[in-house]
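Here is the structure we will look at.
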Amino acid sequence: MLIDVAGQHRERLDALGVVPMRPELALAALQRVLHDDETTIVIADMDWARFAPIFTAARASALLSDLPEVAQALQTSGGDQTLSGGLRQQLAQLPPAEREQALLALVRESATTVLGHAPSTQIDSDQPFKELGFDSLTGIELRNLLQAKTGASLPASVVFDYPDPESLANGLGAILFPPTEPSNRSVGMISTSHHDLFGELYLRAMENGQLAHAQELMLSGAQLRAKFHDPAELDAAPSVVPIGSAQHGPHMICVCPTVMTTGPQVYTRLAEQFADGWTVSALVPPGFDGGEALPATREALVRSLADSVEEYVGDSELSLVGHSSGGVVAYEVAKELQARGLDPTAVVLIDSYSFDGDGGRPEEMFRNALNARMIEYLRWASGDKLSERITAQVWSLELLRGWRPEGLSAPTLYVRPIQPLVEEEKPEWRGDVISMMTSVADVPGDHFTILEGEHVGSTARVVDHWLRNLR
C-alpha cells in the first residue's frame, strides 16, 4: 500500500522555508495577478532564513541575489568565526575526553532535532548519516543548526565529508580547539574548501565540451587504482542501507547506479512513497568511497554485490530495483542470485539502457544532460573524493559496456519515462532492453525526474502495483 504523501510534502516544503499562505492573502494576490494580466509571476510566502541558505548552498543565485531579505538571511546563516563564548568556555574547561563526549552529544542531539525524532531517541555514534536518512536538504539543516550553536563556519557538505556523528564531532573539536603545534594544525579539521585538481579538470571539461579528453584522463587514473578480483579481497563488503520509513514485508533492494553521484539518497524519495508492506534498502556499489578498491571485472562487481544481498536477506523474499546503470547491475545481481538458488521474485529496471559507446548512444547523451544538473552539486557534495568517484564511474561503465538482458528467469518490469531527456533521444535506444522485458510501464517525467518531485509518486505506484500482482 502506498502512503498519502501530502503530509510529507508539506513537511518538506516547511523545511525548505515555503510556508502556507493565509487563504485571504493568497486569493488577493491571485486577483492582482489576474487583474494585471501577468503570466510569469510566482507568489509564495517564504521563510528566507530557511530557504536562501539551502537554495544557494551549491552556488550563488542571480534570481535571489538582489533581494535584501535574502542577503540578510545569508549573512546570518554564514556562521561567525568569533565562536560562541559561553559554549567555548564551557567546553574549554572540560578534560579532552569529556570535551569529546560533549561534542558528540551535541552532534547527536542536533541530528535528532533535524530528523524530527523525539529528544529521547538514541543515535549511535558510528551510524552513518546516510543510514539515518540524511539527504542534501537535511544535511544543510544540520550544518545550519551546528553553526548556530557553535558559531563555527562549516561547509554545506559536512555530512558527506564526515559520514557519522563521531567523525563530525572530532572535526568540530578540531575547529573549535585547533592543535597548538603548527605541524599538526590541519589534522582532523573541517575543511571549508577542497582542491581536487583532476576532479576539477573533469568538471571543467564537462562545462567546456571537452569531455572526451577528460574521459581518457580519468580512465587512465582508474586503471591505476587498486582492484579486486574476488570479493574476499575486500576489507568491507558493499553496504546495504535501509531507507524509507517502511521496514516490514518482503525485501526491495534498490541497486544504486554506478555514477559519481551514487548513494542511497538516489532512492530516498522513492522509498518514502512506500508504507508497510516492503523492507526497502539501497545497495551501494564498491569503489566510490575513499580507499575502496574497484572491481577488476564485471563478474567481481556482481559477485561482491550478490554476497552483500545474500548476507542481508538470507532466504527471505526479495525483488531488485535499479535506475539507469543501477538497473543493469540489478539484473546481473539477480542472475547471480538465481545461479546460487536464491531466486528473486522480480527485477525492475527504471529507464536502463545498454551502453555501446559508439557516439550516438545514450552514454554520450547522459553525460551531456548530467552537466547542467550535477556539476555544482558534485563540487560541494563530493569534496576531496571527487576524483575517486569520477574514476569509479568511468571504470564501472567500462565494465558494463556491451551488456544485454538475457539469462534471467524472474519476471522483469521496464519503467519508461514519457518525456525525452534531450531532443535527440530515440526510442530504439531502449529497444534492445525493452524487447527482453516481461512488462513495460510508462510513467510521467524524464530519465531523472521519474525519481524526483511530483513524478516519483507515479513511479512508486507503478512499481508497487506490478510487484503486488506477482505475489
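Chains: A, B, ... in order of the C-alpha cells. Residues: from 1 per chain. Ligands: from 1, in order shown.
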Backbone DSSP call of helix (DSSP H, G or I) for range 273-443 of chain A, listed as a ChimeraX atom specification
/A:298-313,325-339,362-400,428-434
Which residues in range 149-328 of chain A does DSSP call strand (DSSP E or B)? List them as a PyMOL selection string.
chain A and resi 227-228+240-247+251-255+274+279-283+294-295+318-323
Write out, as an mmCIF file, in the first residue's frame, the residues just selected, with N, CA, C and O atoms.
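Produced file again_6.cif, reproduced below:
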data_model
loop_
_atom_site.group_PDB
_atom_site.id
_atom_site.type_symbol
_atom_site.label_atom_id
_atom_site.label_comp_id
_atom_site.auth_asym_id
_atom_site.auth_seq_id
_atom_site.Cartn_x
_atom_site.Cartn_y
_atom_site.Cartn_z
ATOM 1 N N LYS A 227 42.515 -2.855 -7.501
ATOM 2 C CA LYS A 227 41.393 -3.662 -7.988
ATOM 3 C C LYS A 227 41.261 -4.933 -7.147
ATOM 4 O O LYS A 227 42.232 -5.406 -6.549
ATOM 5 N N PHE A 228 40.065 -5.485 -7.121
ATOM 6 C CA PHE A 228 39.854 -6.792 -6.521
ATOM 7 C C PHE A 228 39.240 -7.721 -7.560
ATOM 8 O O PHE A 228 38.374 -7.321 -8.338
ATOM 9 N N VAL A 240 24.598 -2.401 2.383
ATOM 10 C CA VAL A 240 23.149 -2.436 2.171
ATOM 11 C C VAL A 240 22.559 -1.512 3.231
ATOM 12 O O VAL A 240 22.671 -1.772 4.422
ATOM 13 N N VAL A 241 21.938 -0.416 2.791
ATOM 14 C CA VAL A 241 21.492 0.638 3.696
ATOM 15 C C VAL A 241 19.971 0.693 3.733
ATOM 16 O O VAL A 241 19.340 0.926 2.698
ATOM 17 N N PRO A 242 19.340 0.479 4.898
ATOM 18 C CA PRO A 242 17.880 0.630 4.992
ATOM 19 C C PRO A 242 17.476 2.069 4.684
ATOM 20 O O PRO A 242 18.093 3.014 5.169
ATOM 21 N N ILE A 243 16.439 2.239 3.872
ATOM 22 C CA ILE A 243 15.938 3.574 3.549
ATOM 23 C C ILE A 243 14.421 3.559 3.623
ATOM 24 O O ILE A 243 13.792 2.524 3.481
ATOM 25 N N GLY A 244 13.840 4.715 3.858
ATOM 26 C CA GLY A 244 12.389 4.808 3.948
ATOM 27 C C GLY A 244 11.888 4.432 5.326
ATOM 28 O O GLY A 244 12.590 3.830 6.144
ATOM 29 N N SER A 245 10.643 4.788 5.582
ATOM 30 C CA SER A 245 10.045 4.542 6.902
ATOM 31 C C SER A 245 9.507 3.125 7.042
ATOM 32 O O SER A 245 9.347 2.634 8.154
ATOM 33 N N ALA A 246 9.207 2.466 5.940
ATOM 34 C CA ALA A 246 8.633 1.120 5.992
ATOM 35 C C ALA A 246 9.751 0.087 6.020
ATOM 36 O O ALA A 246 10.595 0.066 5.152
ATOM 37 N N GLN A 247 9.756 -0.755 7.022
ATOM 38 C CA GLN A 247 10.760 -1.818 7.133
ATOM 39 C C GLN A 247 10.072 -3.117 7.541
ATOM 40 O O GLN A 247 10.540 -3.838 8.416
ATOM 41 N N HIS A 251 11.683 -7.964 0.970
ATOM 42 C CA HIS A 251 12.769 -7.019 0.706
ATOM 43 C C HIS A 251 12.662 -6.445 -0.698
ATOM 44 O O HIS A 251 12.383 -7.155 -1.669
ATOM 45 N N MET A 252 12.880 -5.146 -0.793
ATOM 46 C CA MET A 252 13.040 -4.455 -2.064
ATOM 47 C C MET A 252 14.431 -3.828 -2.034
ATOM 48 O O MET A 252 14.668 -2.855 -1.328
ATOM 49 N N ILE A 253 15.359 -4.405 -2.769
ATOM 50 C CA ILE A 253 16.741 -3.936 -2.800
ATOM 51 C C ILE A 253 16.912 -3.022 -4.007
ATOM 52 O O ILE A 253 16.775 -3.456 -5.153
ATOM 53 N N CYS A 254 17.214 -1.742 -3.746
ATOM 54 C CA CYS A 254 17.404 -0.757 -4.807
ATOM 55 C C CYS A 254 18.902 -0.618 -5.078
ATOM 56 O O CYS A 254 19.653 -0.153 -4.202
ATOM 57 N N VAL A 255 19.340 -1.020 -6.241
ATOM 58 C CA VAL A 255 20.761 -1.010 -6.583
ATOM 59 C C VAL A 255 21.145 0.376 -7.096
ATOM 60 O O VAL A 255 20.583 0.881 -8.073
ATOM 61 N N PHE A 274 6.518 4.317 -0.122
ATOM 62 C CA PHE A 274 6.015 3.009 0.281
ATOM 63 C C PHE A 274 5.713 2.990 1.770
ATOM 64 O O PHE A 274 6.490 3.467 2.593
ATOM 65 N N THR A 279 10.288 -3.909 2.829
ATOM 66 C CA THR A 279 11.514 -3.548 3.522
ATOM 67 C C THR A 279 12.465 -3.018 2.462
ATOM 68 O O THR A 279 13.055 -3.776 1.702
ATOM 69 N N VAL A 280 12.574 -1.694 2.369
ATOM 70 C CA VAL A 280 13.299 -1.060 1.276
ATOM 71 C C VAL A 280 14.723 -0.730 1.720
ATOM 72 O O VAL A 280 14.934 -0.127 2.776
ATOM 73 N N SER A 281 15.684 -1.116 0.896
ATOM 74 C CA SER A 281 17.098 -0.862 1.189
ATOM 75 C C SER A 281 17.808 -0.442 -0.091
ATOM 76 O O SER A 281 17.336 -0.712 -1.196
ATOM 77 N N ALA A 282 18.941 0.214 0.076
ATOM 78 C CA ALA A 282 19.778 0.607 -1.054
ATOM 79 C C ALA A 282 21.080 -0.182 -1.008
ATOM 80 O O ALA A 282 21.679 -0.350 0.061
ATOM 81 N N LEU A 283 21.509 -0.658 -2.155
ATOM 82 C CA LEU A 283 22.759 -1.415 -2.289
ATOM 83 C C LEU A 283 23.765 -0.541 -3.022
ATOM 84 O O LEU A 283 23.520 -0.122 -4.159
ATOM 85 N N LEU A 294 38.432 -0.912 -6.706
ATOM 86 C CA LEU A 294 37.479 -1.097 -7.792
ATOM 87 C C LEU A 294 37.400 -2.568 -8.171
ATOM 88 O O LEU A 294 38.391 -3.303 -8.054
ATOM 89 N N PRO A 295 36.237 -3.033 -8.654
ATOM 90 C CA PRO A 295 36.165 -4.409 -9.163
ATOM 91 C C PRO A 295 36.967 -4.529 -10.452
ATOM 92 O O PRO A 295 36.871 -3.669 -11.335
ATOM 93 N N LEU A 318 12.661 -11.462 -1.988
ATOM 94 C CA LEU A 318 13.232 -10.177 -2.365
ATOM 95 C C LEU A 318 12.992 -9.887 -3.827
ATOM 96 O O LEU A 318 12.852 -10.801 -4.653
ATOM 97 N N SER A 319 12.912 -8.595 -4.135
ATOM 98 C CA SER A 319 12.906 -8.093 -5.501
ATOM 99 C C SER A 319 14.035 -7.080 -5.617
ATOM 100 O O SER A 319 14.431 -6.463 -4.631
ATOM 101 N N LEU A 320 14.558 -6.920 -6.820
ATOM 102 C CA LEU A 320 15.616 -5.946 -7.059
ATOM 103 C C LEU A 320 15.107 -4.854 -7.975
ATOM 104 O O LEU A 320 14.366 -5.115 -8.936
ATOM 105 N N VAL A 321 15.495 -3.609 -7.671
ATOM 106 C CA VAL A 321 15.099 -2.436 -8.440
ATOM 107 C C VAL A 321 16.358 -1.661 -8.768
ATOM 108 O O VAL A 321 17.281 -1.577 -7.944
ATOM 109 N N GLY A 322 16.419 -1.091 -9.965
ATOM 110 C CA GLY A 322 17.580 -0.284 -10.307
ATOM 111 C C GLY A 322 17.248 0.782 -11.318
ATOM 112 O O GLY A 322 16.508 0.536 -12.281
ATOM 113 N N HIS A 323 17.785 1.984 -11.095
ATOM 114 C CA HIS A 323 17.592 3.103 -12.015
ATOM 115 C C HIS A 323 18.826 3.273 -12.878
ATOM 116 O O HIS A 323 19.954 3.215 -12.391
#
Which polymer residues have any atom within 7 Å of an atom of Ala441 in chain A, counting only C-alpha atoms, with same-chain residues fewer than 5 positions away left out, as a PyMOL selection string?
chain A and resi 414-416
Using only C-alpha atoms, can you tell me which of A:Glu216, A:Asp307, A:Glu272, A:Glu109 comes closest to Pro238 in chain A?
A:Asp307
Polymer residues at most 8 Å from Ser239 in chain A, only C-alpha atoms, same-chain spacing of 4 or more positions, as a list in words
Leu283, Val284, Pro285 and Ser308 of chain A
Dump of N, CA and C atoms for the selected residues, as a short mmCIF file (atom, residue, chain, number, x, y, z; two decimals), in the first residue's frame:
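Generated output (selection.cif):
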data_model
loop_
_atom_site.label_atom_id
_atom_site.label_comp_id
_atom_site.auth_asym_id
_atom_site.auth_seq_id
_atom_site.Cartn_x
_atom_site.Cartn_y
_atom_site.Cartn_z
N LEU A 283 21.51 -0.66 -2.15
CA LEU A 283 22.76 -1.41 -2.29
C LEU A 283 23.76 -0.54 -3.02
N VAL A 284 24.89 -0.25 -2.36
CA VAL A 284 25.86 0.72 -2.88
C VAL A 284 27.02 -0.02 -3.54
N PRO A 285 27.33 0.27 -4.80
CA PRO A 285 28.43 -0.41 -5.48
C PRO A 285 29.78 -0.03 -4.88
N SER A 308 26.65 -9.38 -0.60
CA SER A 308 26.03 -8.49 0.39
C SER A 308 24.53 -8.73 0.48
#
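Across A:Arg389, A:His455, A:His35, A:Arg204, the tightest approach to Pro257 in chain A is made by A:Arg389 when counting only C-alpha atoms.
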Fewer than 4 positions away in the same chain doesn't count, so skip those; otherwise give me all residues within 7 Å of range 394-402 of chain A, counting only C-alpha atoms, as a ChimeraX atom specification.
/A:218-219,222,258,297-298,354-356,390
Keeping N, CA, C and O atoms for every residue in the selection just given, could you write it to a file as a PDB file, in the first residue's frame?
ATOM      1  N   MET A 218      40.625  10.246 -16.940  1.00  0.00           N
ATOM      2  CA  MET A 218      40.068   9.544 -15.792  1.00  0.00           C
ATOM      3  C   MET A 218      40.114   8.026 -15.963  1.00  0.00           C
ATOM      4  O   MET A 218      40.267   7.291 -14.985  1.00  0.00           O
ATOM      5  N   LEU A 219      39.980   7.537 -17.185  1.00  0.00           N
ATOM      6  CA  LEU A 219      40.111   6.106 -17.405  1.00  0.00           C
ATOM      7  C   LEU A 219      41.536   5.646 -17.114  1.00  0.00           C
ATOM      8  O   LEU A 219      41.756   4.580 -16.522  1.00  0.00           O
ATOM      9  N   ALA A 222      41.733   5.462 -13.450  1.00  0.00           N
ATOM     10  CA  ALA A 222      41.016   4.292 -12.943  1.00  0.00           C
ATOM     11  C   ALA A 222      41.838   3.026 -13.114  1.00  0.00           C
ATOM     12  O   ALA A 222      41.834   2.129 -12.261  1.00  0.00           O
ATOM     13  N   THR A 258      25.942   3.166 -11.053  1.00  0.00           N
ATOM     14  CA  THR A 258      27.408   3.250 -10.999  1.00  0.00           C
ATOM     15  C   THR A 258      27.861   4.585 -11.586  1.00  0.00           C
ATOM     16  O   THR A 258      28.604   4.635 -12.572  1.00  0.00           O
ATOM     17  N   THR A 297      36.645  -6.840 -12.731  1.00  0.00           N
ATOM     18  CA  THR A 297      35.816  -7.340 -13.816  1.00  0.00           C
ATOM     19  C   THR A 297      34.341  -7.145 -13.459  1.00  0.00           C
ATOM     20  O   THR A 297      33.997  -6.874 -12.305  1.00  0.00           O
ATOM     21  N   ARG A 298      33.472  -7.299 -14.471  1.00  0.00           N
ATOM     22  CA  ARG A 298      32.038  -7.240 -14.204  1.00  0.00           C
ATOM     23  C   ARG A 298      31.637  -8.355 -13.247  1.00  0.00           C
ATOM     24  O   ARG A 298      30.809  -8.160 -12.359  1.00  0.00           O
ATOM     25  N   SER A 354      21.439  -0.035 -22.554  1.00  0.00           N
ATOM     26  CA  SER A 354      22.737  -0.679 -22.787  1.00  0.00           C
ATOM     27  C   SER A 354      23.679   0.393 -23.302  1.00  0.00           C
ATOM     28  O   SER A 354      23.267   1.303 -24.019  1.00  0.00           O
ATOM     29  N   PHE A 355      24.937   0.316 -22.902  1.00  0.00           N
ATOM     30  CA  PHE A 355      25.927   1.324 -23.277  1.00  0.00           C
ATOM     31  C   PHE A 355      26.925   0.716 -24.247  1.00  0.00           C
ATOM     32  O   PHE A 355      27.692  -0.163 -23.887  1.00  0.00           O
ATOM     33  N   ASP A 356      26.882   1.235 -25.488  1.00  0.00           N
ATOM     34  CA  ASP A 356      27.795   0.718 -26.505  1.00  0.00           C
ATOM     35  C   ASP A 356      28.938   1.674 -26.800  1.00  0.00           C
ATOM     36  O   ASP A 356      29.935   1.280 -27.369  1.00  0.00           O
ATOM     37  N   ILE A 390      34.690   9.947  -9.809  1.00  0.00           N
ATOM     38  CA  ILE A 390      34.693  10.022 -11.265  1.00  0.00           C
ATOM     39  C   ILE A 390      35.386   8.811 -11.868  1.00  0.00           C
ATOM     40  O   ILE A 390      34.893   8.198 -12.823  1.00  0.00           O
TER      41      ILE A 390
END
